[in-house]
Each structure stands twice: as C-alpha cells, then as structure tokens.
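The file protein_30.txt comes next; it holds compact mmCIF, C-alpha atoms.
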# COMPACT_ATOMS: atom_id res chain seq x y z
CA MET A 1 12.78 -30.56 -3.29
CA ASP A 2 11.54 -30.90 0.24
CA SER A 3 8.87 -28.73 1.78
CA ILE A 4 11.37 -26.57 3.71
CA GLU A 5 13.18 -25.64 0.49
CA LYS A 6 9.86 -24.86 -1.20
CA TRP A 7 8.82 -22.70 1.75
CA ASN A 8 12.21 -20.95 1.72
CA ASN A 9 12.02 -20.27 -2.02
CA ASN A 10 8.46 -19.01 -1.67
CA THR A 11 9.49 -16.79 1.24
CA ASN A 12 12.41 -15.34 -0.74
CA TYR A 13 10.08 -14.69 -3.68
CA ARG A 14 7.61 -12.87 -1.42
CA LEU A 15 10.39 -10.85 0.23
CA ASN A 16 11.67 -9.70 -3.16
CA LYS A 17 8.14 -8.90 -4.29
CA ASN A 18 7.50 -6.93 -1.07
CA LYS A 19 10.79 -5.03 -1.43
CA LYS A 20 9.79 -4.04 -4.97
CA PHE A 21 6.33 -2.98 -3.78
CA LEU A 22 7.82 -0.92 -0.96
CA LYS A 23 10.33 0.73 -3.30
CA ASP A 24 7.63 1.55 -5.88
CA PHE A 25 5.20 2.72 -3.20
CA THR A 26 7.80 4.94 -1.53
CA GLY A 27 8.71 6.52 -4.87
CA ASP A 28 5.07 7.14 -5.76
CA PHE A 29 4.34 8.52 -2.30
CA ILE A 30 7.28 10.93 -2.40
CA LYS A 31 6.32 12.17 -5.88
CA LEU A 32 2.73 12.62 -4.76
CA ARG A 33 3.76 14.50 -1.63
CA ILE A 34 6.05 16.84 -3.58
CA LYS A 35 3.39 17.46 -6.22
CA THR A 36 0.79 18.15 -3.52
CA ASN A 37 3.03 20.65 -1.75
CA VAL A 38 3.84 22.47 -5.00
CA LEU A 39 0.17 22.60 -5.98
CA LEU A 40 -0.92 23.85 -2.57
CA ARG A 41 1.64 26.65 -2.74
CA GLU A 42 0.42 27.52 -6.22
CA PHE A 43 -3.18 27.41 -5.03
CA GLU A 44 -2.29 29.66 -2.12
CA ASN A 45 -0.81 32.17 -4.59
CA VAL A 46 -3.52 32.10 -7.25
CA TYR A 47 -6.71 31.75 -5.20
CA PRO A 48 -6.84 35.30 -3.76
CA TYR A 49 -6.28 36.85 -7.19
CA ALA A 50 -8.85 34.59 -8.83
CA LYS A 51 -11.43 35.66 -6.23
CA VAL A 52 -10.56 39.38 -6.32
CA TYR A 53 -10.37 39.50 -10.13
CA PRO A 54 -13.05 37.04 -11.29
CA ASN A 55 -13.06 38.55 -14.81
CA SER A 56 -9.32 38.12 -15.31
CA GLN A 57 -8.73 35.29 -17.77
CA LYS A 58 -5.14 34.93 -16.58
CA TYR A 59 -6.05 34.24 -12.95
CA GLN A 60 -9.11 32.14 -13.76
CA THR A 61 -7.07 29.93 -16.08
CA ARG A 62 -4.33 29.44 -13.48
CA TYR A 63 -6.97 28.73 -10.84
CA GLN A 64 -8.71 26.14 -13.03
CA ASN A 65 -5.38 24.50 -13.89
CA VAL A 66 -4.42 24.21 -10.23
CA ASN A 67 -7.88 22.84 -9.36
CA SER A 68 -7.61 20.29 -12.13
CA GLU A 69 -4.17 19.17 -10.97
CA LEU A 70 -5.39 18.96 -7.36
CA GLU A 71 -8.22 16.69 -8.51
CA GLN A 72 -5.62 14.49 -10.25
CA VAL A 73 -3.58 14.35 -7.03
CA SER A 74 -6.73 13.35 -5.18
CA SER A 75 -7.32 10.57 -7.68
CA ASP A 76 -3.69 9.41 -7.42
CA THR A 77 -3.99 9.40 -3.62
CA PHE A 78 -7.12 7.25 -3.87
CA LEU A 79 -5.31 4.77 -6.14
CA LEU A 80 -2.32 4.60 -3.80
CA ASP A 81 -4.67 4.01 -0.88
CA ASN A 82 -6.29 1.15 -2.82
CA GLU A 83 -2.88 -0.41 -3.43
CA ILE A 84 -2.15 -0.31 0.29
CA SER A 85 -5.54 -1.81 1.12
CA LYS A 86 -5.00 -4.64 -1.37
CA LYS A 87 -1.57 -5.33 0.09
CA ILE A 88 -3.03 -5.46 3.60
CA ILE A 89 -5.71 -7.91 2.45
CA ASP A 90 -3.02 -10.09 0.83
CA ILE A 91 -0.94 -10.01 4.02
CA ASN A 92 -3.98 -10.94 6.12
CA LYS A 93 -4.64 -13.92 3.83
CA ILE A 94 -1.05 -15.07 4.30
CA ILE A 95 -1.36 -14.68 8.07
CA ASP A 96 -4.56 -16.76 8.05
CA ILE A 97 -2.84 -19.51 6.05
CA LEU A 98 0.13 -19.50 8.43
CA GLU A 99 -2.13 -19.62 11.48
CA GLU A 100 -3.96 -22.62 10.03
CA ALA A 101 -0.64 -24.35 9.31
CA VAL A 102 0.60 -23.67 12.85
CA ASP A 103 -2.67 -24.95 14.34
CA SER A 104 -2.42 -28.08 12.20
CA CYS A 105 1.16 -28.68 13.33
CA LYS A 106 0.15 -28.19 16.96
CA MET A 107 -2.65 -30.74 16.56
CA LYS A 108 -0.30 -33.27 14.93
CA LEU A 109 2.30 -32.74 17.63
CA LYS A 110 -0.29 -33.09 20.38
CA SER A 111 -1.59 -36.25 18.73
CA GLN A 112 1.92 -37.70 18.59
CA ILE A 113 2.56 -36.80 22.23
CA ASP A 114 -0.76 -38.31 23.30
CA HIS A 115 -0.03 -41.41 21.22
CA LYS A 116 3.38 -41.89 22.90
CA ASP A 117 1.81 -41.48 26.37
CA TYR A 118 -0.68 -44.22 25.49
CA PHE A 119 2.07 -46.79 24.91
CA LYS A 120 4.04 -46.09 28.10

Represent the structure from my file as structure tokens, please.
Amino acid sequence: MDSIEKWNNNTNYRLNKNKKFLKDFTGDFIKLRIKTNVLLREFENVYPYAKVYPNSQKYQTRYQNVNSELEQVSSDTFLLDNEISKKIIDINKIIDILEEAVDSCKMKLKSQIDHKDYFK
C-alpha cells in the first residue's frame, strides 16, 4: 500500500471518527440545553415560594432538588467543555503535523529545483 492510500485510509478513519464525535456532541448538547431550560423554568417557579415560605418542607424540598439538578447540569457542561477542548488540542496537533509535512515537501521540492538549475 502506497503512502497516498495510507493517507486516504487514515483521512477516512478520522472523518468517520469526527462525524461520530459531532453526532454524539450534538445529542449531548441538545439534551443539556433542554434540561437546562426545564430546570430554569422550574427554578423560576419554585424560588419565590421557597423564599416566602422558608418553613414549608414542600417548597424547600423542590428548591433543593432543582438546585441539585442545576449543579449536575453545571458539571455536565464542564465535562462537555473539556471534550471540546481536547478535540481542539487534537486538531491543533494534526495541523502542526500537516504543516511540518508541507514544509518538508516544500524544502524537498526547492532542493530538486535548485539541483536541476545547477546542471543546466
């Protein structure tokens, strides 16, 4: 297998891997956004009652549950952000490798051109 076929296979593998990442990320992001919106509406409903009736077990329990779920959403958001950051770092590494390969090819090409000019 020549280097072009290897590069093509590797590129196809990365494209499939990136498509899966994007699909998974999009699904997770949508779920997180929906959950956040639902929780914020619930918080908006329960917070005034929990503050006006601080001795009401019903409102305090609902308020604590919403707070707990909002903390979980915050944690999930942090994890999703970390996934994105890792993906960006991986992409930057690939870009660096490609830039080095292009620079190397340019140097080889320049060397070949210079070498041909020498023998004219």

> What does the distance between atom CA of Asp28 of chain A and atom CA of Asn82 of chain A come to in Å, to one decimal place?
Replying inline: 13.2 Å

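Here atom CA of Leu70 of chain A is placed at a distance of 7.3 Å from atom CA of Thr36 of chain A.
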
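Distances to Val66 of chain A were evaluated for A:Lys93, A:Arg41, A:Lys17, A:Arg33 using all atoms listed in the file, and the minimum falls at A:Arg41.
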
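Here atom CA of Ile91 of chain A is placed at a distance of 22.3 Å from atom CA of Lys106 of chain A.
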
> So which residues touch Ala50 of chain A within 6 Å, counting only C-alpha atoms, skipping near sequence neighbours fewer than 4 positions away, as a PyMOL selection string?
Replying inline: chain A and resi 54+59-60

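Using all atoms listed in the file, the smallest distance between any of A:Glu83, A:Asp90, A:Asp96, A:Asp114 and Phe21 of chain A comes from A:Glu83.
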
>> So that I can see what lies close to Gln72 of chain A, please list as a PyMOL selection string the residues with an atom at most 12 Å from it, counting all atoms listed in the file and leaving out residues fewer than 4 positions away in the same chain.
In response: chain A and resi 32+35-36+39+65-68+76-79
